>>> print(open('final19.pdb').read())   # PDB, C-alpha atoms
ATOM      1  CA  MET A   1    -161.980  69.042 131.134
ATOM      2  CA  SER A   2    -160.832  69.484 127.542
ATOM      3  CA  TRP A   3    -158.214  67.358 125.789
ATOM      4  CA  ALA A   4    -155.779  70.272 125.799
ATOM      5  CA  GLU A   5    -156.132  70.578 129.557
ATOM      6  CA  PHE A   6    -155.774  66.827 129.879
ATOM      7  CA  PHE A   7    -152.490  66.809 127.970
ATOM      8  CA  ALA A   8    -151.203  69.842 129.847
ATOM      9  CA  MET A   9    -151.555  67.880 133.127
ATOM     10  CA  ASN A  10    -151.869  71.125 135.001
ATOM     11  CA  GLY A  11    -148.291  72.127 134.212
ATOM     12  CA  TYR A  12    -146.792  68.701 134.889
ATOM     13  CA  ALA A  13    -147.060  67.517 131.270
ATOM     14  CA  TRP A  14    -143.322  67.002 130.797
ATOM     15  CA  TYR A  15    -143.010  64.908 133.958
ATOM     16  CA  VAL A  16    -146.140  62.799 133.524
ATOM     17  CA  TRP A  17    -145.790  62.141 129.784
ATOM     18  CA  GLY A  18    -142.031  61.798 130.104
ATOM     19  CA  SER A  19    -142.647  58.938 132.529
ATOM     20  CA  TYR A  20    -145.310  57.142 130.524
ATOM     21  CA  GLY A  21    -143.516  57.828 127.248
ATOM     22  CA  MET A  22    -140.352  56.160 128.502
ATOM     23  CA  VAL A  23    -142.358  53.180 129.789
ATOM     24  CA  LEU A  24    -143.991  52.800 126.373
ATOM     25  CA  LEU A  25    -140.635  53.101 124.602
ATOM     26  CA  VAL A  26    -138.919  50.551 126.859
ATOM     27  CA  PHE A  27    -141.796  48.062 126.582
ATOM     28  CA  LEU A  28    -141.885  48.390 122.782
ATOM     29  CA  ILE A  29    -138.121  47.837 122.536
ATOM     30  CA  GLU A  30    -138.374  44.791 124.799
ATOM     31  CA  ILE A  31    -141.233  43.304 122.763
ATOM     32  CA  VAL A  32    -139.327  43.805 119.503
ATOM     33  CA  MET A  33    -136.187  42.256 121.038
ATOM     34  CA  VAL A  34    -137.825  39.099 122.411
ATOM     35  CA  ARG A  35    -139.651  38.534 119.115
ATOM     36  CA  HIS A  36    -136.454  39.077 117.158
ATOM     37  CA  ARG A  37    -134.554  36.637 119.383
ATOM     38  CA  ARG A  38    -137.210  33.953 118.880
ATOM     39  CA  ALA A  39    -137.316  34.471 115.118
ATOM     40  CA  ARG A  40    -133.513  34.275 114.950
ATOM     41  CA  ILE A  41    -133.181  30.989 116.826
ATOM     42  CA  LEU A  42    -135.996  29.373 114.826
ATOM     43  CA  GLN A  43    -134.227  30.476 111.648
ATOM     44  CA  GLN A  44    -130.924  29.013 112.873
ATOM     45  CA  ILE A  45    -132.527  25.693 113.737
ATOM     46  CA  LEU A  46    -134.044  25.529 110.260
ATOM     47  CA  LEU A  47    -130.658  26.201 108.684
ATOM     48  CA  MET A  48    -128.884  23.643 110.872
ATOM     49  CA  ARG A  49    -131.466  20.994 110.092
ATOM     50  CA  ASP A  50    -131.207  21.616 106.375
ATOM     51  CA  GLU A  51    -127.419  21.277 106.534
ATOM     52  CA  GLY A  52    -127.227  18.280 108.866
ATOM     53  CA  GLY A  53    -130.406  16.501 107.779
ATOM     54  CA  ASP A  54    -131.118  14.591 104.570
TER      55      ASP A  54
ATOM     56  CA  MET B   1    -149.809  30.500 127.406
ATOM     57  CA  VAL B   2    -148.000  33.569 126.119
ATOM     58  CA  PRO B   3    -150.996  35.093 124.266
ATOM     59  CA  TRP B   4    -153.123  34.602 127.362
ATOM     60  CA  PHE B   5    -150.726  36.625 129.502
ATOM     61  CA  SER B   6    -150.130  39.232 126.802
ATOM     62  CA  TRP B   7    -153.807  39.903 126.227
ATOM     63  CA  SER B   8    -154.733  40.037 129.894
ATOM     64  CA  ALA B   9    -151.779  42.396 130.446
ATOM     65  CA  ALA B  10    -153.105  44.636 127.667
ATOM     66  CA  ILE B  11    -156.616  44.624 129.166
ATOM     67  CA  PHE B  12    -155.307  45.529 132.611
ATOM     68  CA  PHE B  13    -153.105  48.280 131.145
ATOM     69  CA  VAL B  14    -156.134  49.852 129.467
ATOM     70  CA  ALA B  15    -158.244  49.513 132.621
ATOM     71  CA  GLY B  16    -155.473  50.809 134.882
ATOM     72  CA  LEU B  17    -154.650  53.796 132.674
ATOM     73  CA  TYR B  18    -158.348  54.623 132.328
ATOM     74  CA  LEU B  19    -158.853  54.556 136.097
ATOM     75  CA  GLY B  20    -155.577  56.368 136.702
ATOM     76  CA  PHE B  21    -156.100  59.187 134.221
ATOM     77  CA  PHE B  22    -159.843  59.631 133.807
ATOM     78  CA  VAL B  23    -161.537  58.386 136.951
ATOM     79  CA  ALA B  24    -159.095  59.008 139.795
ATOM     80  CA  PRO B  25    -159.385  62.538 141.183
ATOM     81  CA  THR B  26    -156.562  65.073 141.231
ATOM     82  CA  ASP B  27    -154.383  64.811 144.319
ATOM     83  CA  VAL B  28    -154.813  67.639 146.802
ATOM     84  CA  GLN B  29    -151.097  68.060 147.524
ATOM     85  CA  GLN B  30    -149.437  66.998 144.294
ATOM     86  CA  GLY B  31    -151.928  67.982 141.606
ATOM     87  CA  GLU B  32    -151.698  65.932 138.438
ATOM     88  CA  ALA B  33    -148.059  64.940 138.951
ATOM     89  CA  TYR B  34    -149.071  62.131 141.315
ATOM     90  CA  ARG B  35    -150.421  60.195 138.286
ATOM     91  CA  ILE B  36    -146.829  59.044 137.745
ATOM     92  CA  MET B  37    -147.514  56.796 140.756
ATOM     93  CA  PHE B  38    -149.632  54.438 138.644
ATOM     94  CA  ILE B  39    -146.537  53.279 136.785
ATOM     95  CA  HIS B  40    -143.776  54.126 139.270
ATOM     96  CA  VAL B  41    -145.112  51.930 142.082
ATOM     97  CA  PRO B  42    -145.823  48.797 139.964
ATOM     98  CA  ALA B  43    -142.440  49.069 138.235
ATOM     99  CA  SER B  44    -140.663  49.401 141.584
ATOM    100  CA  ILE B  45    -142.540  46.577 143.318
ATOM    101  CA  LEU B  46    -141.983  44.198 140.414
ATOM    102  CA  SER B  47    -138.318  45.143 139.993
ATOM    103  CA  MET B  48    -137.823  43.867 143.557
ATOM    104  CA  PHE B  49    -140.171  40.903 143.284
ATOM    105  CA  ILE B  50    -138.665  39.694 139.991
ATOM    106  CA  TYR B  51    -135.217  39.877 141.558
ATOM    107  CA  LEU B  52    -136.296  37.549 144.369
ATOM    108  CA  VAL B  53    -137.918  35.137 141.903
ATOM    109  CA  MET B  54    -134.779  35.275 139.751
ATOM    110  CA  ALA B  55    -132.498  34.608 142.741
ATOM    111  CA  GLY B  56    -134.835  31.778 143.795
ATOM    112  CA  TYR B  57    -134.638  30.107 140.381
ATOM    113  CA  ALA B  58    -130.886  30.685 140.285
ATOM    114  CA  ALA B  59    -130.555  29.029 143.710
ATOM    115  CA  LEU B  60    -132.663  26.049 142.603
ATOM    116  CA  GLY B  61    -130.457  25.698 139.557
ATOM    117  CA  LEU B  62    -127.349  25.853 141.697
ATOM    118  CA  ILE B  63    -128.516  23.387 144.351
ATOM    119  CA  PHE B  64    -130.368  20.810 142.259
ATOM    120  CA  ASN B  65    -128.429  21.399 139.059
ATOM    121  CA  THR B  66    -131.664  21.811 137.095
ATOM    122  CA  ARG B  67    -131.074  23.499 133.785
ATOM    123  CA  LEU B  68    -134.563  24.923 133.366
ATOM    124  CA  SER B  69    -134.424  26.909 136.624
ATOM    125  CA  SER B  70    -131.186  28.539 135.520
ATOM    126  CA  MET B  71    -132.728  29.358 132.169
ATOM    127  CA  MET B  72    -135.711  30.939 133.956
ATOM    128  CA  ALA B  73    -133.318  33.092 135.984
ATOM    129  CA  SER B  74    -131.615  34.280 132.786
ATOM    130  CA  ALA B  75    -134.991  34.963 131.183
ATOM    131  CA  LEU B  76    -136.188  37.067 134.124
ATOM    132  CA  ALA B  77    -133.110  39.290 134.389
ATOM    133  CA  PRO B  78    -133.639  41.614 131.377
ATOM    134  CA  THR B  79    -137.263  42.369 132.277
ATOM    135  CA  GLY B  80    -136.274  43.001 135.890
ATOM    136  CA  ALA B  81    -133.473  45.317 134.810
ATOM    137  CA  LEU B  82    -135.819  47.306 132.569
ATOM    138  CA  LEU B  83    -138.349  47.668 135.388
ATOM    139  CA  ALA B  84    -135.625  48.814 137.787
ATOM    140  CA  PHE B  85    -134.577  51.398 135.193
ATOM    141  CA  LEU B  86    -138.186  52.538 134.735
ATOM    142  CA  SER B  87    -138.601  52.790 138.491
ATOM    143  CA  LEU B  88    -135.611  55.150 138.660
ATOM    144  CA  TRP B  89    -136.631  57.095 135.553
ATOM    145  CA  THR B  90    -140.231  57.689 136.622
ATOM    146  CA  GLY B  91    -139.003  58.386 140.149
ATOM    147  CA  ALA B  92    -136.674  61.087 138.850
ATOM    148  CA  LEU B  93    -139.461  62.690 136.846
ATOM    149  CA  TRP B  94    -141.665  62.592 139.927
ATOM    150  CA  GLY B  95    -138.934  63.763 142.278
ATOM    151  CA  LYS B  96    -138.072  66.850 140.244
ATOM    152  CA  PRO B  97    -141.425  68.647 140.623
ATOM    153  CA  MET B  98    -142.098  67.327 144.150
ATOM    154  CA  TRP B  99    -138.713  67.383 145.871
ATOM    155  CA  GLY B 100    -137.003  69.863 143.554
ATOM    156  CA  SER B 101    -134.355  67.353 142.532
ATOM    157  CA  TRP B 102    -134.015  64.607 139.919
ATOM    158  CA  TRP B 103    -131.855  62.550 142.197
ATOM    159  CA  VAL B 104    -130.770  62.451 145.814
ATOM    160  CA  TRP B 105    -128.407  59.957 147.422
ATOM    161  CA  ASP B 106    -131.174  58.735 149.604
ATOM    162  CA  ALA B 107    -131.262  55.197 151.057
ATOM    163  CA  ARG B 108    -134.153  54.000 148.936
ATOM    164  CA  LEU B 109    -133.009  55.588 145.681
ATOM    165  CA  THR B 110    -129.455  54.379 146.144
ATOM    166  CA  SER B 111    -130.457  50.810 146.974
ATOM    167  CA  GLU B 112    -132.786  50.700 143.933
ATOM    168  CA  LEU B 113    -129.852  51.894 141.801
ATOM    169  CA  ILE B 114    -127.774  49.049 143.260
ATOM    170  CA  LEU B 115    -130.593  46.680 142.259
ATOM    171  CA  LEU B 116    -130.295  47.882 138.660
ATOM    172  CA  PHE B 117    -126.523  47.316 138.793
ATOM    173  CA  LEU B 118    -127.074  43.824 140.215
ATOM    174  CA  TYR B 119    -129.342  42.966 137.282
ATOM    175  CA  ILE B 120    -126.801  44.354 134.815
ATOM    176  CA  GLY B 121    -124.007  42.506 136.622
ATOM    177  CA  PHE B 122    -125.985  39.253 136.454
ATOM    178  CA  ILE B 123    -126.594  39.636 132.717
ATOM    179  CA  ALA B 124    -123.002  40.705 131.996
ATOM    180  CA  LEU B 125    -121.467  37.921 134.069
ATOM    181  CA  HIS B 126    -123.661  35.319 132.411
ATOM    182  CA  ALA B 127    -122.782  36.640 128.969
ATOM    183  CA  SER B 128    -119.056  36.735 129.694
ATOM    184  CA  ILE B 129    -118.692  33.003 130.423
ATOM    185  CA  GLU B 130    -118.635  30.762 127.404
ATOM    186  CA  ASP B 131    -119.865  27.511 128.956
ATOM    187  CA  PRO B 132    -123.576  28.017 129.803
ATOM    188  CA  ARG B 133    -123.533  25.699 132.828
ATOM    189  CA  ARG B 134    -120.571  27.497 134.382
ATOM    190  CA  ALA B 135    -122.203  30.837 133.545
ATOM    191  CA  ASP B 136    -125.353  29.645 135.329
ATOM    192  CA  ARG B 137    -123.443  28.770 138.481
ATOM    193  CA  ALA B 138    -121.363  31.942 138.630
ATOM    194  CA  SER B 139    -124.287  34.284 138.000
ATOM    195  CA  ALA B 140    -126.481  32.319 140.438
ATOM    196  CA  LEU B 141    -123.973  33.066 143.161
ATOM    197  CA  LEU B 142    -124.113  36.779 142.292
ATOM    198  CA  ALA B 143    -127.924  36.728 142.274
ATOM    199  CA  ILE B 144    -128.121  35.017 145.667
ATOM    200  CA  ILE B 145    -125.622  37.339 147.335
ATOM    201  CA  GLY B 146    -127.316  40.351 145.782
ATOM    202  CA  SER B 147    -130.715  39.371 147.127
ATOM    203  CA  VAL B 148    -129.817  40.862 150.527
ATOM    204  CA  ASN B 149    -130.313  44.209 148.791
ATOM    205  CA  VAL B 150    -134.049  43.638 148.263
ATOM    206  CA  PRO B 151    -135.085  43.838 151.935
ATOM    207  CA  ILE B 152    -132.775  46.855 152.238
ATOM    208  CA  ILE B 153    -134.776  48.627 149.519
ATOM    209  CA  TYR B 154    -138.056  47.550 151.048
ATOM    210  CA  PHE B 155    -137.317  48.604 154.613
ATOM    211  CA  SER B 156    -135.078  51.587 153.753
ATOM    212  CA  VAL B 157    -137.908  54.054 154.351
ATOM    213  CA  GLN B 158    -138.342  52.721 157.887
ATOM    214  CA  TRP B 159    -134.695  52.207 158.808
ATOM    215  CA  TRP B 160    -133.377  55.562 157.685
ATOM    216  CA  ASN B 161    -134.710  59.061 157.486
ATOM    217  CA  THR B 162    -135.279  59.409 153.805
ATOM    218  CA  LEU B 163    -136.874  61.844 151.424
ATOM    219  CA  HIS B 164    -138.842  58.988 149.919
ATOM    220  CA  GLN B 165    -142.226  58.501 151.507
ATOM    221  CA  GLY B 166    -143.156  55.350 153.370
ATOM    222  CA  ALA B 167    -145.650  52.743 152.245
ATOM    223  CA  THR B 168    -149.115  54.160 151.688
ATOM    224  CA  ILE B 169    -150.835  50.831 151.242
ATOM    225  CA  LYS B 170    -150.775  48.882 154.458
ATOM    226  CA  PHE B 171    -152.580  45.810 155.651
ATOM    227  CA  THR B 172    -154.059  47.883 158.424
ATOM    228  CA  GLY B 173    -156.082  50.311 156.365
ATOM    229  CA  THR B 174    -154.906  52.562 153.593
ATOM    230  CA  SER B 175    -154.775  56.320 153.355
ATOM    231  CA  MET B 176    -155.638  56.450 149.691
ATOM    232  CA  HIS B 177    -158.696  57.152 147.605
ATOM    233  CA  GLU B 178    -160.481  53.967 146.553
ATOM    234  CA  VAL B 179    -160.321  54.645 142.816
ATOM    235  CA  MET B 180    -156.598  55.419 143.068
ATOM    236  CA  GLN B 181    -156.127  52.068 144.771
ATOM    237  CA  GLN B 182    -158.060  50.199 142.092
ATOM    238  CA  GLY B 183    -156.132  51.936 139.325
ATOM    239  CA  LEU B 184    -152.859  51.105 141.015
ATOM    240  CA  LEU B 185    -153.888  47.486 141.492
ATOM    241  CA  ALA B 186    -154.882  47.184 137.823
ATOM    242  CA  MET B 187    -151.531  48.643 136.733
ATOM    243  CA  LEU B 188    -149.671  46.316 139.097
ATOM    244  CA  LEU B 189    -151.447  43.300 137.595
ATOM    245  CA  ALA B 190    -150.796  44.631 134.082
ATOM    246  CA  VAL B 191    -147.046  44.989 134.615
ATOM    247  CA  TRP B 192    -146.976  41.617 136.373
ATOM    248  CA  LEU B 193    -148.693  39.817 133.477
ATOM    249  CA  TYR B 194    -146.523  41.698 130.990
ATOM    250  CA  ALA B 195    -143.388  40.542 132.820
ATOM    251  CA  ILE B 196    -144.630  36.927 132.802
ATOM    252  CA  ALA B 197    -145.339  37.098 129.065
ATOM    253  CA  MET B 198    -141.907  38.566 128.275
ATOM    254  CA  THR B 199    -140.152  36.004 130.481
ATOM    255  CA  LEU B 200    -141.985  33.066 128.917
ATOM    256  CA  ILE B 201    -141.192  34.164 125.369
ATOM    257  CA  ARG B 202    -137.568  34.722 126.354
ATOM    258  CA  VAL B 203    -137.186  31.388 128.168
ATOM    259  CA  ARG B 204    -138.551  29.557 125.126
ATOM    260  CA  SER B 205    -135.844  31.178 123.004
ATOM    261  CA  ILE B 206    -133.184  30.305 125.569
ATOM    262  CA  ILE B 207    -134.305  26.664 125.668
ATOM    263  CA  LEU B 208    -134.135  26.466 121.879
ATOM    264  CA  GLU B 209    -130.725  28.161 121.802
ATOM    265  CA  ARG B 210    -129.252  25.746 124.310
ATOM    266  CA  GLU B 211    -130.927  22.614 123.022
ATOM    267  CA  SER B 212    -130.644  23.460 119.353
ATOM    268  CA  LYS B 213    -128.547  20.400 118.610
ATOM    269  CA  THR B 214    -130.927  17.871 120.121
ATOM    270  CA  GLN B 215    -133.315  15.648 118.262
ATOM    271  CA  TRP B 216    -136.542  16.964 119.792
ATOM    272  CA  VAL B 217    -135.831  20.492 118.604
ATOM    273  CA  ALA B 218    -135.300  19.303 115.060
ATOM    274  CA  GLU B 219    -138.676  17.603 115.222
ATOM    275  CA  LEU B 220    -140.537  20.671 116.489
ATOM    276  CA  MET B 221    -143.595  21.748 114.576
ATOM    277  CA  GLU B 222    -142.447  25.353 114.352
ATOM    278  CA  VAL B 223    -139.304  24.497 112.445
ATOM    279  CA  LYS B 224    -140.920  21.940 110.153
ATOM    280  CA  ARG B 225    -141.521  23.018 106.595
TER     281      ARG B 225
END
>>> encode(input="final19.pdb", output="structure tokens")
Amino acid sequence: MSWAEFFAMNGYAWYVWGSYGMVLLVFLIEIVMVRHRRARILQQILLMRDEGGD
Amino acid sequence: MVPWFSWSAAIFFVAGLYLGFFVAPTDVQQGEAYRIMFIHVPASILSMFIYLVMAGYAALGLIFNTRLSSMMASALAPTGALLAFLSLWTGALWGKPMWGSWWVWDARLTSELILLFLYIGFIALHASIEDPRRADRASALLAIIGSVNVPIIYFSVQWWNTLHQGATIKFTGTSMHEVMQQGLLAMLLAVWLYAIAMTLIRVRSIILERESKTQWVAELMEVKR
């Protein structure tokens, strides 16, 4: 089986890759969001400590 | 613990996709379109399982007034909602070529859609209440009541005549090719580990957000300069 045949998925390319593509997209968005949320709260804590501390 | 789960999830994704796309044979009835199964089934199973875990944590938080269990429930909800969405999305893209329709108001599809709305409702309700402890209690109640929907999804294919097929994997023997089963199992583990990793990262952020004014947070290594 060639790569072209593999990607064509025997005529079901749109359905198969549409499924896996959306999964990839959703997972990437989720990963970016959880990392962003963690970075943001760590940043806030730093700021608060600098204001309230010493 | 997070890197451990993330890396093992990645390994199982690679293994599962390899088995699913390169080793597993083409299905006699469905051709290549059946390969959507390798993500559709894990996403669906975990969307239900995560809901039960979330409702369980929410109930613990409600009964014993433990803050961490409520935070776990809040951390699980977004991942569960995304998996419920992916279950519906991949199901639609599988349904179109096989049933001739993106969507039917079938018992299983409808109850899975309700599951997605329950997740969204949980998140929205929690976000709409200012005081986190009150938000925990109100959304816990929603989660617990909504959990009756999970067995409805699970048994819908037996209780009603639906377009959706019944369970293929049974404890009493399975009517599926062995490689397909292994690929599916690998993908199930991958999504499971992924969900654990996402939840743990998220719960750590939630703990920090809620406890940001306490002394121990200020003394954390990560925020030390």
>>> atom_distance(input="final19.pdb", atom1="atom CA of A:Met9", atom2="atom CA of B:Thr90")
15.6 Å
>>> closest_residue(input="final19.pdb", among="B:Tyr194, B:Phe122, B:Trp7, B:Trp89", to="A:Ser19", atoms="only C-alpha atoms")
B:Trp89
>>> interface_residues(input="final19.pdb", of="chain A", to="chain B", cutoff="7 Å", atoms="only C-alpha atoms", output="MDAnalysis selection string")
chainID A and resid 9:10 12 15:16 19 23 34 37:38 41:42 45:46 49
>>> atom_distance(input="final19.pdb", atom1="atom CA of B:Phe12", atom2="atom CA of B:Met72")
24.5 Å
>>> residues_near_point(input="final19.pdb", point="(-135.2, 46.3, 142.3)", cutoff="7 Å", atoms="only C-alpha atoms", output="ChimeraX atom specification")
/B:44,47-48,51,84,112,115-116,150
>>> write_last_selection(input="final19.pdb", atoms="C-alpha atoms", output="PDB file, in the coordinates of the input")
ATOM      1  CA  SER B  44    -140.663  49.401 141.584  1.00  0.00           C
ATOM      2  CA  SER B  47    -138.318  45.143 139.993  1.00  0.00           C
ATOM      3  CA  MET B  48    -137.823  43.867 143.557  1.00  0.00           C
ATOM      4  CA  TYR B  51    -135.217  39.877 141.558  1.00  0.00           C
ATOM      5  CA  ALA B  84    -135.625  48.814 137.787  1.00  0.00           C
ATOM      6  CA  GLU B 112    -132.786  50.700 143.933  1.00  0.00           C
ATOM      7  CA  LEU B 115    -130.593  46.680 142.259  1.00  0.00           C
ATOM      8  CA  LEU B 116    -130.295  47.882 138.660  1.00  0.00           C
ATOM      9  CA  VAL B 150    -134.049  43.638 148.263  1.00  0.00           C
TER      10      VAL B 150
END
>>> closest_residue(input="final19.pdb", among="B:His164, B:His126, B:His177, B:Arg137", to="B:Ala58", atoms="all atoms listed in the file")
B:Arg137
>>> closest_residue(input="final19.pdb", among="A:Met22, A:Ala13, A:Leu47, A:Ile31", to="B:Ser6", atoms="all atoms listed in the file")
A:Ile31
>>> atom_distance(input="final19.pdb", atom1="atom CA of B:Ser156", atom2="atom CA of B:Val191")
23.5 Å
>>> closest_residue(input="final19.pdb", among="B:Asp106, B:Asp136, B:Asp131, B:Glu178", to="B:Met71", atoms="all atoms listed in the file")
B:Asp136
>>> axis_aligned_box(input="final19.pdb", around="stretch 42-51 of chain A", padding_each_side="4 Å", output="AutoDock Vina command-line options")
--center_x -131.7 --center_y 25.7 --center_z 110.6 --size_x 16.6 --size_y 17.5 --size_z 16.5
>>> resolve_selection(input="final19.pdb", expression="the PyMOL selection byres ((chain B and resi 18) around 12)", output="ChimeraX atom specification")
/B:11-17,19-25,35,38,179-180,182-184,186-187
>>> closest_residue(input="final19.pdb", among="B:Ile63, B:Ala190, B:Leu118, B:Trp216", to="B:Ser8", atoms="all atoms listed in the file")
B:Ala190
